[in-house]
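A.B. asks: Sharing a structure, written as structure tokens. Questions coming.
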Amino acid sequence: MSWFKRESFGLVPQEKKELPDGLWIKCEGCNEIIYKKELDKNLYVCMKCNHHFTINSKTYIKILMDDGTFNEFNDQIQSVDPLKFKGTRRYAEQLKTAMKKTGLNEAIRTGFGQINHHDVVFCVMDFSFIGGSMGSVVGEKISRAIQLAIERHMPVIILSTSGGARMMEGALSLMQMAKTSAYLAKLSDAGLPYISICTNPTTGGVSASYAMLGDIIIAEPGALIGFAGPRVIKQTIGQDLPPGFQRSEFMLDHGFIDVILNRQEIKEKLTQILEFFEAQ
């Protein structure tokens with residue numbers, strides 16, 4: 001009896017190839033897996049469901065400002081720890097970590113720039129810095145930006161993305177609501193326009209002050225906009241909330257914002273608005 005002997009091994013298993021990190025990203029809206037370079041080309045908006053990804057201040061400047069025109073000011077101002085606050089971590093440590101992680105000194109960048117050759121003062125918040133929370137420095141930088149806009153007779157645009165006031169600074173943080181609102185009143189008295197752009201999320205003390213005080217208020221699709229979050233409100237009133245509660249579309253239907261624009265449309269619409277005000 002002869003023994004059967006395999007002449008060849010047929011299919012040879014191959015080693016599993018690992019995809020390099022950062023090449024693909026999962027959409028939070030539809031769970032689609034998207035090639036990151038394609039997402040970047042589409043301004044971080046999902047091509048399938050139009051979900052607008054949260055992006056940082058540097059990316060917004062690149063999208064909205066003319067190339068090379070944004071000149072940042074007051075970028076060296078830093079928060080301190082006046083209350084010596086300590087929760088799960090010391091506030092001073094949180095600040096150091098956020099600065100190292102983001103390369104920023106605070107949760108907002110302010111500067112002069114141009115939008116299709118129109119001069120503006122542009123303030124853009126950054127959610128990656130302690131959730132875009134508003135502390136005393138955020139309020140101070142916005143107030144200084146508005147004052148410079150008045151002196152140079154320029155319109156102001158503030159792009160908001162924030163979890164609200166920074167509790168680690170207590171009343172000093174809450175006072176920024178009144179402070180920034182007062183400076184915006186001065187801007188209005190000077191006859192200069194203020195355009196507010198609300199992105200996901202715009203909540204807490206920011207939505208209760210400068211984010212909702214614009215002469216024109218623009219929002220990105222699906223952005224969460226409101227004071228307290230839906231979960232807190234539901235627990236407080238003990239009732240189910242309407243579908244889409246506090247999202248951009250809900251806010252537009254109830255008159256809290258003026259227009260919803262896809263990220264790709266915002267720069268062109270800002271240009272039209274600036275041209276309108278300049279003609280007055």
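The way I read the labels, and the way they are meant: chains A, B, ... in the order of the structure tokens, residue 1 as the first residue of every chain, and ligand 1 as the first ligand shown, with later ones counted on from there.
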Which polymer residues have any atom within 7 Å of an atom of A:Gly222, counting only C-alpha atoms, with same-chain residues fewer than 4 positions away left out, as a ChimeraX atom specification?

C.D. replies: /A:247-249

A.B. asks: Compile the contact shell of stretch 153-169 of chain A as a PDB file with N, CA and C atoms, in the first residue's frame: residues with an atom at most 6 Å away, counting only C-alpha atoms, same-chain residues fewer than 6 positions apart removed.

C.D. replies:
ATOM      1  N   PHE A  85      -8.292  75.649  42.867  1.00  0.00           N
ATOM      2  CA  PHE A  85      -9.353  74.645  42.706  1.00  0.00           C
ATOM      3  C   PHE A  85      -8.771  73.245  42.567  1.00  0.00           C
ATOM      4  N   VAL A 120     -11.900  91.789   8.945  1.00  0.00           N
ATOM      5  CA  VAL A 120     -12.738  91.425  10.093  1.00  0.00           C
ATOM      6  C   VAL A 120     -11.854  91.164  11.307  1.00  0.00           C
ATOM      7  N   VAL A 121     -12.473  91.232  12.487  1.00  0.00           N
ATOM      8  CA  VAL A 121     -11.870  90.702  13.707  1.00  0.00           C
ATOM      9  C   VAL A 121     -12.526  89.339  13.929  1.00  0.00           C
ATOM     10  N   PHE A 122     -11.712  88.310  13.992  1.00  0.00           N
ATOM     11  CA  PHE A 122     -12.239  86.943  14.064  1.00  0.00           C
ATOM     12  C   PHE A 122     -11.803  86.294  15.368  1.00  0.00           C
ATOM     13  N   CYS A 123     -12.781  85.756  16.100  1.00  0.00           N
ATOM     14  CA  CYS A 123     -12.519  85.018  17.338  1.00  0.00           C
ATOM     15  C   CYS A 123     -13.042  83.593  17.140  1.00  0.00           C
ATOM     16  N   VAL A 124     -12.208  82.603  17.396  1.00  0.00           N
ATOM     17  CA  VAL A 124     -12.616  81.225  17.172  1.00  0.00           C
ATOM     18  C   VAL A 124     -12.264  80.376  18.388  1.00  0.00           C
ATOM     19  N   MET A 125     -13.265  79.716  18.945  1.00  0.00           N
ATOM     20  CA  MET A 125     -13.061  78.880  20.123  1.00  0.00           C
ATOM     21  C   MET A 125     -12.522  77.510  19.720  1.00  0.00           C
ATOM     22  N   PHE A 127     -12.605  73.558  21.102  1.00  0.00           N
ATOM     23  CA  PHE A 127     -13.187  72.622  22.063  1.00  0.00           C
ATOM     24  C   PHE A 127     -12.145  71.704  22.685  1.00  0.00           C
ATOM     25  N   GLY A 131     -12.647  71.496  26.848  1.00  0.00           N
ATOM     26  CA  GLY A 131     -14.022  71.539  26.363  1.00  0.00           C
ATOM     27  C   GLY A 131     -14.481  72.903  25.899  1.00  0.00           C
ATOM     28  N   GLY A 132     -13.532  73.743  25.441  1.00  0.00           N
ATOM     29  CA  GLY A 132     -13.898  75.076  24.981  1.00  0.00           C
ATOM     30  C   GLY A 132     -14.558  75.912  26.050  1.00  0.00           C
ATOM     31  N   SER A 133     -14.252  75.626  27.299  1.00  0.00           N
ATOM     32  CA  SER A 133     -14.927  76.317  28.401  1.00  0.00           C
ATOM     33  C   SER A 133     -14.487  77.771  28.501  1.00  0.00           C
ATOM     34  N   MET A 134     -15.412  78.625  28.943  1.00  0.00           N
ATOM     35  CA  MET A 134     -15.163  80.061  29.042  1.00  0.00           C
ATOM     36  C   MET A 134     -14.722  80.419  30.448  1.00  0.00           C
ATOM     37  N   GLY A 135     -13.467  80.817  30.560  1.00  0.00           N
ATOM     38  CA  GLY A 135     -12.940  81.334  31.811  1.00  0.00           C
ATOM     39  C   GLY A 135     -12.672  82.823  31.680  1.00  0.00           C
ATOM     40  N   LEU A 192     -21.371  98.849  14.291  1.00  0.00           N
ATOM     41  CA  LEU A 192     -20.593  97.787  13.646  1.00  0.00           C
ATOM     42  C   LEU A 192     -21.297  96.441  13.830  1.00  0.00           C
ATOM     43  N   PRO A 193     -21.289  95.607  12.796  1.00  0.00           N
ATOM     44  CA  PRO A 193     -22.000  94.317  12.874  1.00  0.00           C
ATOM     45  C   PRO A 193     -21.239  93.252  13.650  1.00  0.00           C
ATOM     46  N   TYR A 194     -22.012  92.369  14.247  1.00  0.00           N
ATOM     47  CA  TYR A 194     -21.451  91.198  14.922  1.00  0.00           C
ATOM     48  C   TYR A 194     -22.158  89.960  14.386  1.00  0.00           C
ATOM     49  N   ILE A 195     -21.380  89.024  13.855  1.00  0.00           N
ATOM     50  CA  ILE A 195     -21.912  87.773  13.316  1.00  0.00           C
ATOM     51  C   ILE A 195     -21.461  86.637  14.225  1.00  0.00           C
ATOM     52  N   SER A 196     -22.426  85.856  14.689  1.00  0.00           N
ATOM     53  CA  SER A 196     -22.133  84.719  15.562  1.00  0.00           C
ATOM     54  C   SER A 196     -22.312  83.426  14.779  1.00  0.00           C
ATOM     55  N   ILE A 197     -21.343  82.512  14.926  1.00  0.00           N
ATOM     56  CA  ILE A 197     -21.420  81.200  14.294  1.00  0.00           C
ATOM     57  C   ILE A 197     -21.422  80.153  15.400  1.00  0.00           C
ATOM     58  N   CYS A 198     -22.493  79.360  15.472  1.00  0.00           N
ATOM     59  CA  CYS A 198     -22.621  78.334  16.507  1.00  0.00           C
ATOM     60  C   CYS A 198     -22.314  76.965  15.906  1.00  0.00           C
ATOM     61  N   THR A 199     -21.356  76.260  16.501  1.00  0.00           N
ATOM     62  CA  THR A 199     -21.013  74.917  16.042  1.00  0.00           C
ATOM     63  C   THR A 199     -21.264  73.943  17.187  1.00  0.00           C
ATOM     64  N   ASN A 200     -21.075  72.683  16.916  1.00  0.00           N
ATOM     65  CA  ASN A 200     -21.391  71.644  17.905  1.00  0.00           C
ATOM     66  C   ASN A 200     -20.240  71.407  18.890  1.00  0.00           C
ATOM     67  N   PRO A 201     -20.472  71.566  20.212  1.00  0.00           N
ATOM     68  CA  PRO A 201     -21.672  72.117  20.848  1.00  0.00           C
ATOM     69  C   PRO A 201     -21.466  73.593  21.186  1.00  0.00           C
ATOM     70  N   THR A 202     -22.556  74.324  21.345  1.00  0.00           N
ATOM     71  CA  THR A 202     -22.507  75.690  21.876  1.00  0.00           C
ATOM     72  C   THR A 202     -23.481  75.732  23.034  1.00  0.00           C
ATOM     73  N   THR A 203     -22.966  75.604  24.247  1.00  0.00           N
ATOM     74  CA  THR A 203     -23.833  75.418  25.411  1.00  0.00           C
ATOM     75  C   THR A 203     -23.382  76.281  26.593  1.00  0.00           C
ATOM     76  N   GLY A 204     -24.175  76.217  27.667  1.00  0.00           N
ATOM     77  CA  GLY A 204     -23.824  76.882  28.925  1.00  0.00           C
ATOM     78  C   GLY A 204     -23.743  78.390  28.803  1.00  0.00           C
ATOM     79  N   GLY A 205     -22.798  78.956  29.549  1.00  0.00           N
ATOM     80  CA  GLY A 205     -22.661  80.405  29.619  1.00  0.00           C
ATOM     81  C   GLY A 205     -22.328  81.062  28.297  1.00  0.00           C
ATOM     82  N   VAL A 206     -21.724  80.326  27.385  1.00  0.00           N
ATOM     83  CA  VAL A 206     -21.407  80.889  26.064  1.00  0.00           C
ATOM     84  C   VAL A 206     -22.695  81.108  25.270  1.00  0.00           C
TER      85      VAL A 206
END

A.B. asks: Please report, as a ChimeraX atom specification, each residue of stretch 48-260 of chain A to which DSSP assigns strand (DSSP E) when run on this structure's backbone.

C.D. replies: /A:71-73,108-115,118-125,156-162,194-203,216-219,225-226,259-260

A.B. asks: If you keep C-alpha atoms, can you produce a file of those selected residues as a PDB file, in the first residue's frame?

C.D. replies:
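Output file part36.pdb is given in full below:
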ATOM      1  CA  ASN A  71      -2.832  87.740  12.477  1.00  0.00           C
ATOM      2  CA  GLU A  72      -3.426  86.543  16.015  1.00  0.00           C
ATOM      3  CA  PHE A  73      -3.201  88.925  18.974  1.00  0.00           C
ATOM      4  CA  ILE A 108     -10.043  80.855  22.069  1.00  0.00           C
ATOM      5  CA  ARG A 109      -7.911  82.493  19.403  1.00  0.00           C
ATOM      6  CA  THR A 110      -8.486  86.118  18.401  1.00  0.00           C
ATOM      7  CA  GLY A 111      -7.023  88.061  15.519  1.00  0.00           C
ATOM      8  CA  PHE A 112      -7.386  90.287  12.480  1.00  0.00           C
ATOM      9  CA  GLY A 113      -8.022  88.655   9.129  1.00  0.00           C
ATOM     10  CA  GLN A 114      -9.761  88.865   5.785  1.00  0.00           C
ATOM     11  CA  ILE A 115     -12.704  86.975   4.310  1.00  0.00           C
ATOM     12  CA  HIS A 118     -13.073  91.990   3.690  1.00  0.00           C
ATOM     13  CA  ASP A 119     -11.324  92.996   6.932  1.00  0.00           C
ATOM     14  CA  VAL A 120     -12.738  91.425  10.093  1.00  0.00           C
ATOM     15  CA  VAL A 121     -11.870  90.702  13.707  1.00  0.00           C
ATOM     16  CA  PHE A 122     -12.239  86.943  14.064  1.00  0.00           C
ATOM     17  CA  CYS A 123     -12.519  85.018  17.338  1.00  0.00           C
ATOM     18  CA  VAL A 124     -12.616  81.225  17.172  1.00  0.00           C
ATOM     19  CA  MET A 125     -13.061  78.880  20.123  1.00  0.00           C
ATOM     20  CA  VAL A 156     -16.645  91.081  14.566  1.00  0.00           C
ATOM     21  CA  ILE A 157     -17.183  87.380  13.924  1.00  0.00           C
ATOM     22  CA  ILE A 158     -17.136  84.899  16.824  1.00  0.00           C
ATOM     23  CA  LEU A 159     -17.237  81.151  16.159  1.00  0.00           C
ATOM     24  CA  SER A 160     -18.371  79.303  19.275  1.00  0.00           C
ATOM     25  CA  THR A 161     -17.869  75.712  20.372  1.00  0.00           C
ATOM     26  CA  SER A 162     -18.093  75.299  24.115  1.00  0.00           C
ATOM     27  CA  TYR A 194     -21.451  91.198  14.922  1.00  0.00           C
ATOM     28  CA  ILE A 195     -21.912  87.773  13.316  1.00  0.00           C
ATOM     29  CA  SER A 196     -22.133  84.719  15.562  1.00  0.00           C
ATOM     30  CA  ILE A 197     -21.420  81.200  14.294  1.00  0.00           C
ATOM     31  CA  CYS A 198     -22.621  78.334  16.507  1.00  0.00           C
ATOM     32  CA  THR A 199     -21.013  74.917  16.042  1.00  0.00           C
ATOM     33  CA  ASN A 200     -21.391  71.644  17.905  1.00  0.00           C
ATOM     34  CA  PRO A 201     -21.672  72.117  20.848  1.00  0.00           C
ATOM     35  CA  THR A 202     -22.507  75.690  21.876  1.00  0.00           C
ATOM     36  CA  THR A 203     -23.833  75.418  25.411  1.00  0.00           C
ATOM     37  CA  ILE A 216     -26.951  87.476  12.487  1.00  0.00           C
ATOM     38  CA  ILE A 217     -26.635  84.012  14.023  1.00  0.00           C
ATOM     39  CA  ILE A 218     -25.406  81.166  11.809  1.00  0.00           C
ATOM     40  CA  ALA A 219     -25.303  77.505  12.856  1.00  0.00           C
ATOM     41  CA  ILE A 225     -27.180  74.693  21.006  1.00  0.00           C
ATOM     42  CA  GLY A 226     -28.628  75.553  24.399  1.00  0.00           C
ATOM     43  CA  VAL A 259     -29.790  80.308   9.161  1.00  0.00           C
ATOM     44  CA  ILE A 260     -28.214  76.841   9.019  1.00  0.00           C
TER      45      ILE A 260
END
